[in-house]
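Chemist: Structure supplied as my_file_30.txt; contents: compact mmCIF, C-alpha atoms.
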# COMPACT_ATOMS: atom_id res chain seq x y z
CA MET A 4 -66.89 22.39 -136.69
CA ALA A 5 -68.14 18.83 -136.25
CA ALA A 6 -64.59 17.60 -135.81
CA ASP A 7 -63.93 20.21 -133.13
CA ILE A 8 -67.09 19.20 -131.27
CA GLY A 9 -66.07 15.55 -131.36
CA ILE A 10 -62.65 16.36 -129.95
CA GLU A 11 -64.08 18.45 -127.11
CA ALA A 12 -66.53 15.67 -126.30
CA GLY A 13 -63.61 13.29 -125.93
CA VAL A 14 -64.51 10.97 -128.81
CA ASN A 15 -61.19 9.32 -129.61
CA SER A 16 -62.29 5.98 -131.02
CA LEU A 17 -65.33 3.95 -131.97
CA THR A 18 -64.84 1.81 -128.86
CA GLN A 19 -64.93 4.55 -126.21
CA THR A 20 -67.83 3.94 -123.85
CA ARG A 21 -66.84 5.41 -120.51
CA LEU A 22 -68.25 8.62 -119.05
CA GLU A 23 -65.63 9.43 -116.41
CA GLY A 24 -65.42 13.12 -115.62
CA LEU A 25 -68.87 13.92 -116.99
CA CYS A 26 -71.70 15.38 -114.90
CA ALA A 27 -75.29 14.31 -115.52
CA MET A 28 -78.73 15.09 -114.15
CA VAL A 29 -81.80 12.85 -114.43
CA THR A 30 -85.32 13.99 -113.55
CA GLY A 31 -87.97 11.58 -112.31
CA ALA A 32 -85.15 9.42 -111.04
CA SER A 33 -86.59 7.94 -107.86
CA GLN A 34 -88.00 4.90 -109.68
CA GLY A 35 -88.66 3.19 -112.99
CA ILE A 36 -87.07 4.52 -116.17
CA GLY A 37 -85.45 7.49 -114.45
CA LEU A 38 -83.74 5.31 -111.87
CA ALA A 39 -82.57 2.91 -114.58
CA CYS A 40 -81.14 5.80 -116.61
CA ALA A 41 -79.26 7.10 -113.59
CA ARG A 42 -77.86 3.61 -112.99
CA ALA A 43 -76.72 3.24 -116.61
CA LEU A 44 -74.90 6.58 -116.50
CA ALA A 45 -73.32 5.86 -113.11
CA GLU A 46 -72.16 2.41 -114.22
CA ASP A 47 -70.10 4.06 -116.95
CA GLY A 48 -68.51 6.54 -114.58
CA ALA A 49 -70.62 9.69 -114.81
CA ARG A 50 -71.26 11.78 -111.73
CA VAL A 51 -75.08 11.77 -111.49
CA VAL A 52 -77.57 14.06 -109.81
CA ILE A 53 -80.99 12.46 -109.39
CA MET A 54 -84.07 14.62 -108.98
CA SER A 55 -87.59 13.85 -107.81
CA ARG A 56 -90.33 15.68 -105.94
CA ARG A 57 -90.14 13.75 -102.66
CA ILE A 58 -86.82 13.96 -100.84
CA GLU A 59 -87.44 10.64 -99.06
CA ALA A 60 -87.93 8.84 -102.37
CA VAL A 61 -84.87 10.33 -104.03
CA GLU A 62 -82.67 9.61 -101.02
CA GLU A 63 -83.87 6.01 -101.02
CA ALA A 64 -83.04 5.83 -104.73
CA ARG A 65 -79.54 7.15 -104.01
CA GLU A 66 -78.93 4.43 -101.42
CA ARG A 67 -80.11 1.81 -103.90
CA LEU A 68 -77.80 3.13 -106.62
CA LEU A 69 -74.81 3.24 -104.28
CA HIS A 70 -75.50 -0.39 -103.36
CA GLU A 71 -75.88 -1.47 -107.01
CA VAL A 72 -72.97 0.60 -108.37
CA PRO A 73 -70.20 0.57 -105.76
CA GLY A 74 -68.06 3.68 -105.90
CA ALA A 75 -70.63 5.68 -107.85
CA SER A 76 -70.96 9.41 -107.30
CA ILE A 77 -74.66 10.14 -106.74
CA GLU A 78 -76.12 13.42 -105.51
CA VAL A 79 -79.77 14.21 -104.84
CA ARG A 80 -82.10 17.16 -105.40
CA SER A 81 -85.75 17.34 -104.46
CA GLY A 82 -87.87 19.49 -106.73
CA ASP A 83 -90.70 19.66 -109.23
CA ALA A 84 -89.65 19.24 -112.86
CA MET A 85 -92.65 21.40 -113.83
CA SER A 86 -91.26 24.31 -111.81
CA GLU A 87 -88.94 26.68 -113.65
CA THR A 88 -87.31 27.66 -110.37
CA ASP A 89 -86.73 24.07 -109.23
CA MET A 90 -85.32 22.99 -112.59
CA GLY A 91 -83.04 25.99 -112.87
CA GLU A 92 -81.69 25.46 -109.36
CA ALA A 93 -81.18 21.71 -109.84
CA LEU A 94 -79.28 22.21 -113.09
CA ALA A 95 -77.16 24.96 -111.55
CA PHE A 96 -76.40 22.64 -108.62
CA THR A 97 -75.30 19.90 -111.02
CA HIS A 98 -73.09 22.30 -112.95
CA GLY A 99 -71.58 23.58 -109.73
CA LEU A 100 -70.30 20.15 -108.68
CA ALA A 101 -67.41 20.28 -111.14
CA GLY A 102 -68.00 23.41 -113.20
CA ARG A 103 -69.64 21.46 -116.02
CA LEU A 104 -72.96 19.97 -117.16
CA ASP A 105 -72.63 17.28 -119.82
CA ILE A 106 -75.79 15.14 -119.81
CA VAL A 107 -79.41 15.86 -118.93
CA VAL A 108 -82.17 13.26 -119.11
CA SER A 109 -85.76 14.51 -118.84
CA VAL A 110 -87.90 11.55 -117.78
CA VAL A 111 -90.87 13.07 -115.91
CA GLY A 112 -94.22 12.39 -117.57
CA GLU A 113 -97.19 10.04 -117.47
CA PRO A 114 -100.52 9.40 -119.21
CA SER A 115 -103.93 9.79 -117.61
CA PHE A 116 -105.51 6.86 -119.52
CA LYS A 117 -108.79 8.71 -119.83
CA PRO A 118 -110.99 9.16 -122.93
CA MET A 119 -110.95 12.60 -124.53
CA LEU A 120 -114.65 13.21 -123.89
CA MET A 121 -114.12 12.67 -120.17
CA LYS A 122 -111.49 15.44 -119.92
CA ASP A 123 -111.85 19.15 -119.31
CA LEU A 124 -109.42 21.87 -120.36
CA ASN A 125 -107.71 22.03 -116.98
CA GLU A 126 -106.91 18.32 -117.20
CA VAL A 127 -105.50 18.83 -120.69
CA ARG A 128 -103.31 21.69 -119.52
CA SER A 129 -102.10 19.65 -116.55
CA GLU A 130 -101.21 16.69 -118.78
CA PHE A 131 -99.31 18.95 -121.18
CA ALA A 132 -97.45 20.54 -118.27
CA MET A 133 -96.39 17.14 -116.99
CA ASN A 134 -95.31 15.80 -120.37
CA PHE A 135 -94.19 18.79 -122.46
CA ASP A 136 -93.29 21.60 -120.07
CA THR A 137 -90.85 19.34 -118.21
CA ALA A 138 -88.91 18.64 -121.42
CA PHE A 139 -88.92 22.31 -122.42
CA LEU A 140 -87.62 23.42 -119.01
CA ALA A 141 -84.86 20.81 -119.07
CA VAL A 142 -83.59 21.98 -122.45
CA ARG A 143 -84.12 25.68 -121.83
CA HIS A 144 -82.17 25.77 -118.57
CA ALA A 145 -79.56 23.11 -119.33
CA ALA A 146 -78.27 24.44 -122.64
CA PRO A 147 -76.69 27.67 -121.29
CA LEU A 148 -74.69 25.61 -118.79
CA MET A 149 -73.37 23.11 -121.35
CA ARG A 150 -70.20 23.08 -123.39
CA PRO A 151 -69.79 21.59 -126.89
CA GLY A 152 -70.43 17.86 -126.69
CA GLY A 153 -73.34 18.24 -124.25
CA SER A 154 -76.29 15.89 -124.68
CA ILE A 155 -79.93 16.22 -123.68
CA VAL A 156 -82.31 13.25 -123.93
CA CYS A 157 -86.08 13.62 -123.49
CA LEU A 158 -88.57 10.80 -122.99
CA SER A 159 -91.37 10.51 -125.53
CA SER A 160 -93.85 7.62 -125.91
CA ALA A 161 -95.15 5.08 -128.42
CA ALA A 162 -98.47 6.92 -127.94
CA VAL A 163 -97.19 9.44 -130.51
CA THR A 164 -97.65 6.95 -133.34
CA GLN A 165 -100.33 4.67 -131.90
CA ALA A 166 -104.06 5.08 -132.19
CA GLY A 167 -105.35 4.03 -128.79
CA TRP A 168 -108.03 4.78 -126.21
CA GLY A 169 -107.24 7.05 -123.30
CA ILE A 170 -103.97 8.47 -124.66
CA SER A 171 -105.14 11.26 -126.98
CA VAL A 172 -103.78 14.18 -124.95
CA TYR A 173 -100.74 12.25 -123.74
CA GLY A 174 -99.87 11.31 -127.32
CA ALA A 175 -100.31 14.92 -128.43
CA ALA A 176 -98.07 16.19 -125.64
CA LYS A 177 -95.36 13.67 -126.47
CA ALA A 178 -95.66 14.51 -130.18
CA ALA A 179 -94.98 18.11 -129.15
CA VAL A 180 -91.88 16.87 -127.29
CA GLU A 181 -90.58 15.13 -130.41
CA ARG A 182 -91.13 18.21 -132.59
CA PHE A 183 -89.53 20.39 -129.94
CA VAL A 184 -86.51 18.05 -129.80
CA ARG A 185 -85.98 18.53 -133.54
CA ALA A 186 -86.28 22.31 -133.24
CA ALA A 187 -84.00 22.45 -130.20
CA ALA A 188 -81.39 20.29 -131.95
CA PHE A 189 -81.42 22.75 -134.85
CA GLU A 190 -81.10 25.83 -132.64
CA LEU A 191 -78.41 24.34 -130.40
CA GLY A 192 -76.37 22.66 -133.12
CA GLY A 193 -74.09 25.66 -133.45
CA ALA A 194 -73.26 25.35 -129.74
CA GLY A 195 -72.31 21.71 -130.22
CA ILE A 196 -75.19 20.52 -128.01
CA ARG A 197 -77.19 17.49 -129.11
CA VAL A 198 -80.88 16.95 -128.31
CA ASN A 199 -82.63 13.63 -128.89
CA ALA A 200 -85.61 11.64 -127.63
CA VAL A 201 -86.37 8.02 -126.74
CA ARG A 202 -89.85 6.61 -127.37
CA PRO A 203 -90.75 3.78 -124.91
CA GLY A 204 -93.82 1.60 -125.01
CA LEU A 205 -95.46 0.15 -121.91
CA THR A 206 -92.57 -0.09 -119.45
CA LEU A 207 -92.81 -1.70 -116.02
CA PRO A 208 -90.34 -2.98 -113.43
CA PRO A 209 -90.44 -6.79 -112.99
CA GLU A 210 -92.44 -6.60 -109.75
CA ARG A 211 -95.25 -4.72 -111.50
CA GLU A 212 -95.57 -7.36 -114.22
CA THR A 213 -97.34 -9.67 -111.77
CA ASP A 214 -99.42 -6.98 -110.04
CA PRO A 215 -103.11 -8.05 -110.30
CA ASP A 216 -104.12 -4.43 -110.86
CA PHE A 217 -102.04 -4.32 -114.05
CA LEU A 218 -102.45 -7.83 -115.49
CA ALA A 219 -105.30 -7.02 -117.90
CA MET A 220 -103.52 -3.95 -119.26
CA ILE A 221 -100.20 -5.79 -119.54
CA GLU A 222 -101.75 -8.66 -121.49
CA ALA A 223 -103.55 -6.21 -123.78
CA TYR A 224 -100.34 -4.32 -124.54
CA LYS A 225 -98.29 -7.49 -124.96
CA SER A 226 -100.73 -8.65 -127.64
CA GLU A 227 -99.95 -5.48 -129.62
CA THR A 228 -96.15 -5.69 -129.15
CA PRO A 229 -94.22 -7.68 -131.79
CA LEU A 230 -91.58 -8.80 -129.28
CA GLY A 231 -94.33 -10.13 -127.02
CA ARG A 232 -93.65 -8.58 -123.61
CA SER A 233 -93.84 -5.30 -121.78
CA GLY A 234 -90.69 -3.22 -121.61
CA ARG A 235 -88.48 -2.94 -118.57
CA PRO A 236 -86.76 0.22 -117.39
CA GLU A 237 -83.32 -1.02 -118.39
CA ASP A 238 -84.54 -1.57 -121.97
CA VAL A 239 -85.19 2.16 -122.24
CA ALA A 240 -82.13 3.17 -120.22
CA ARG A 241 -79.82 1.47 -122.73
CA ALA A 242 -81.16 3.64 -125.53
CA VAL A 243 -80.88 6.75 -123.34
CA ARG A 244 -77.31 5.84 -122.41
CA PHE A 245 -76.34 5.55 -126.08
CA LEU A 246 -77.81 8.94 -126.95
CA ALA A 247 -76.25 10.53 -123.87
CA GLY A 248 -72.72 9.36 -124.60
CA PRO A 249 -70.00 10.11 -127.14
CA GLU A 250 -70.85 7.03 -129.24
CA SER A 251 -73.83 8.97 -130.63
CA GLY A 252 -71.86 12.16 -131.19
CA TRP A 253 -73.14 12.47 -134.79
CA VAL A 254 -76.81 11.98 -133.80
CA THR A 255 -79.11 14.90 -132.99
CA GLY A 256 -82.76 15.82 -133.47
CA GLN A 257 -83.78 12.16 -133.57
CA THR A 258 -86.32 9.98 -131.77
CA PHE A 259 -85.31 6.37 -131.09
CA SER A 260 -88.06 3.85 -130.37
CA ALA A 261 -87.32 1.42 -127.54
CA ASP A 262 -90.72 -0.26 -127.38
CA GLY A 263 -90.43 -3.83 -128.66
CA GLY A 264 -92.04 -2.70 -131.92
CA MET A 265 -95.22 -1.41 -130.25
CA ASP A 266 -95.34 1.77 -132.31
CA GLN A 267 -96.00 -0.30 -135.43
CA GLY A 268 -99.51 -1.19 -134.29
CA LYS A 269 -102.52 0.23 -132.55
CA GLY A 270 -102.89 0.62 -128.82
CA PRO A 271 -105.14 -1.83 -126.97
CA ASP A 272 -108.56 -0.85 -125.64
CA THR A 273 -108.64 -1.26 -121.85
CA MET A 274 -111.26 1.42 -121.20
CA ASP A 275 -114.20 -0.89 -120.33
CA SER A 276 -112.31 -2.28 -117.36
CA MET A 277 -111.39 1.22 -116.20
CA PHE A 278 -114.62 3.18 -116.71
CA GLY A 279 -117.32 0.55 -117.25
CA LYS A 280 -118.88 -0.72 -120.46
CA ALA A 281 -122.02 1.42 -120.20
CA ALA A 282 -120.03 4.66 -119.98
CA MET A 283 -117.68 3.60 -122.76
CA ASP A 284 -120.55 2.63 -125.06
CA LEU A 285 -121.71 6.25 -124.79
CA ILE A 286 -118.20 7.57 -125.40
CA ARG A 287 -117.78 5.41 -128.49
CA ARG A 288 -120.96 6.97 -129.90
CA GLY A 289 -119.50 10.43 -129.33
CA LYS A 290 -121.58 11.16 -126.24
CA ILE A 291 -120.24 12.47 -122.95
CA ALA A 292 -120.23 10.18 -119.94
CA MET A 293 -118.80 11.57 -116.71
What is this file in structure tokens?

Modeler:
Amino acid sequence: MAADIGIEAGVNSLTQTRLEGLCAMVTGASQGIGLACARALAEDGARVVIMSRRIEAVEEARERLLHEVPGASIEVRSGDAMSETDMGEALAFTHGLAGRLDIVVSVVGEPSFKPMLMKDLNEVRSEFAMNFDTAFLAVRHAAPLMRPGGSIVCLSSAAVTQAGWGISVYGAAKAAVERFVRAAAFELGGAGIRVNAVRPGLTLPPERETDPDFLAMIEAYKSETPLGRSGRPEDVARAVRFLAGPESGWVTGQTFSADGGMDQGKGPDTMDSMFGKAAMDLIRRGKIAM
């Protein structure tokens, strides 16, 4: 069966890298990692639908992509990746462009950077919805539209393996994503659909690297990253592009780290600068400070 899947996916040689004729959708694609992933797919010839909540932002992203990748085919959808209706409609729209859906990249997600003892259950549920539900909905509603050779890539985080302040719930939600990716890869293997994840570390566009509001956090994370810098969206997009394409046709259920080695260490402690030393001294003693 593996050979049949490879043939349907168009894998004819070890050197094939183009994605002409394939249709892809990327969530959270108006900026950052999502935008970089859309660019990487478009550069290799895929027809790409980019999705984000604000129509103005996603249309601006489309214009930027068309400028950076002349001749690219870029469509837009506004919608909430946490909404089952919005995700289902966006995926159906993508499939309807050419009667196929080949690649889906689920990027939406973010940490709250808040100590566990400062959270309530509603905040926990909201953070899980943002970081886990979005991946589940992408897989759940993409798979029935895919043919053998389809590829789904979900974004995880180095927070899964790091011990760090302010990322307890985020790390747990992304750990759930990674376990779900393995389970989904198992269940969809018979359909010839691959499911993988990419695990970034701190990732910022170049203009954010000099933002005074981020300098302390950036320096703290750089000190814990073996390669000595924060990641950039294109660093992550390259890993996503590999997992999305036919070159990785024998890879499924895996999580690839694209984090400069950050997941080998512990996360930095930037909580004092965010919540004040007095409050954090209480938190570190197991007390609640709101």

Chemist: Could you work out how far atom CA of Pro236 of chain A lies from atom CA of His98 of chain A, giving the answer in Å with one decimal?

Modeler: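 Between atom CA of His98 of chain A and atom CA of Pro236 of chain A the gap is 26.3 Å.
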
Chemist: Please report the interatomic distance between atom CA of Leu191 of chain A and atom CA of Gly37 of chain A in Å with one decimal.

Modeler: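 Between atom CA of Leu191 of chain A and atom CA of Gly37 of chain A the gap works out to 24.2 Å.
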
Chemist: In Å, with one decimal, what is the gap from atom CA of Ser226 of chain A to atom CA of Ile291 of chain A?

Modeler: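 Computing the Euclidean distance for atom CA of Ser226 of chain A and atom CA of Ile291 of chain A yields 29.1 Å.
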
Chemist: Which polymer residues, protein or nucleic acid, are no farther than 10 Å from (-89.9, 22.2, -114.5), counting all atoms listed in the file, as a PyMOL selection string?

Modeler: chain A and resi 30+82-91+93+109+111+132-133+135-141+143-144

Chemist: Per residue of segment 137-178 of chain A within 12 Å of segment 252-269 of chain A, what are the shortest atom pair and its distance in Å to one decimal, counting all atoms listed in the file, with rows by chain and residue number, as CSV?

Modeler:
residue,atom,partner,partner_atom,distance
A:Pro151,CA,A:Gly252,CA,10.6
A:Gly152,CA,A:Gly252,CA,7.4
A:Gly153,CA,A:Gly252,CA,9.3
A:Ser154,CA,A:Gly252,CA,8.7
A:Ile155,CA,A:Thr255,CA,9.4
A:Val156,CA,A:Thr258,CA,9.4
A:Cys157,CA,A:Thr258,CA,9.0
A:Leu158,CA,A:Thr258,CA,9.1
A:Ser159,CA,A:Thr258,CA,8.0
A:Ser160,CA,A:Ser260,CA,8.2
A:Ala161,CA,A:Asp266,CA,5.1
A:Ala162,CA,A:Asp266,CA,7.4
A:Val163,CA,A:Asp266,CA,8.1
A:Thr164,CA,A:Asp266,CA,5.8
A:Gln165,CA,A:Lys269,CA,5.0
A:Ala166,CA,A:Lys269,CA,5.1
A:Gly167,CA,A:Lys269,CA,6.0
A:Trp168,CA,A:Lys269,CA,9.6
A:Ile170,CA,A:Lys269,CA,11.5
A:Gly174,CA,A:Asp266,CA,11.7
A:Lys177,CA,A:Thr258,CA,11.1
A:Ala178,CA,A:Thr258,CA,10.5

Chemist: Give as a list in words every residue, naming chains and numbers as the document does, that has an atom within 8 Å of (-109.9, 6.5, -122.1), counting all atoms listed in the file.

Modeler: Phe116, Lys117, Pro118, Met119, Met121, Trp168, Gly169, Ile170, Thr273, Met274 and Phe278 of chain A

Chemist: Need to verify the contact set: Arg241 of chain A, 9 Å, only C-alpha atoms, exclusion of same-chain residues closer than 6 positions in sequence. Can you return it as a PyMOL selection string?

Modeler: chain A and resi 39-40+43+261

Chemist: Here is a test: counting all atoms listed in the file, which residue of A:Leu69, A:Met28, A:Leu207, A:Ala146 is nearest to Lys225 of chain A?

Modeler: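 Of A:Leu69, A:Met28, A:Leu207, A:Ala146, the one nearest Lys225 of chain A, counting all atoms listed in the file, is A:Leu207.
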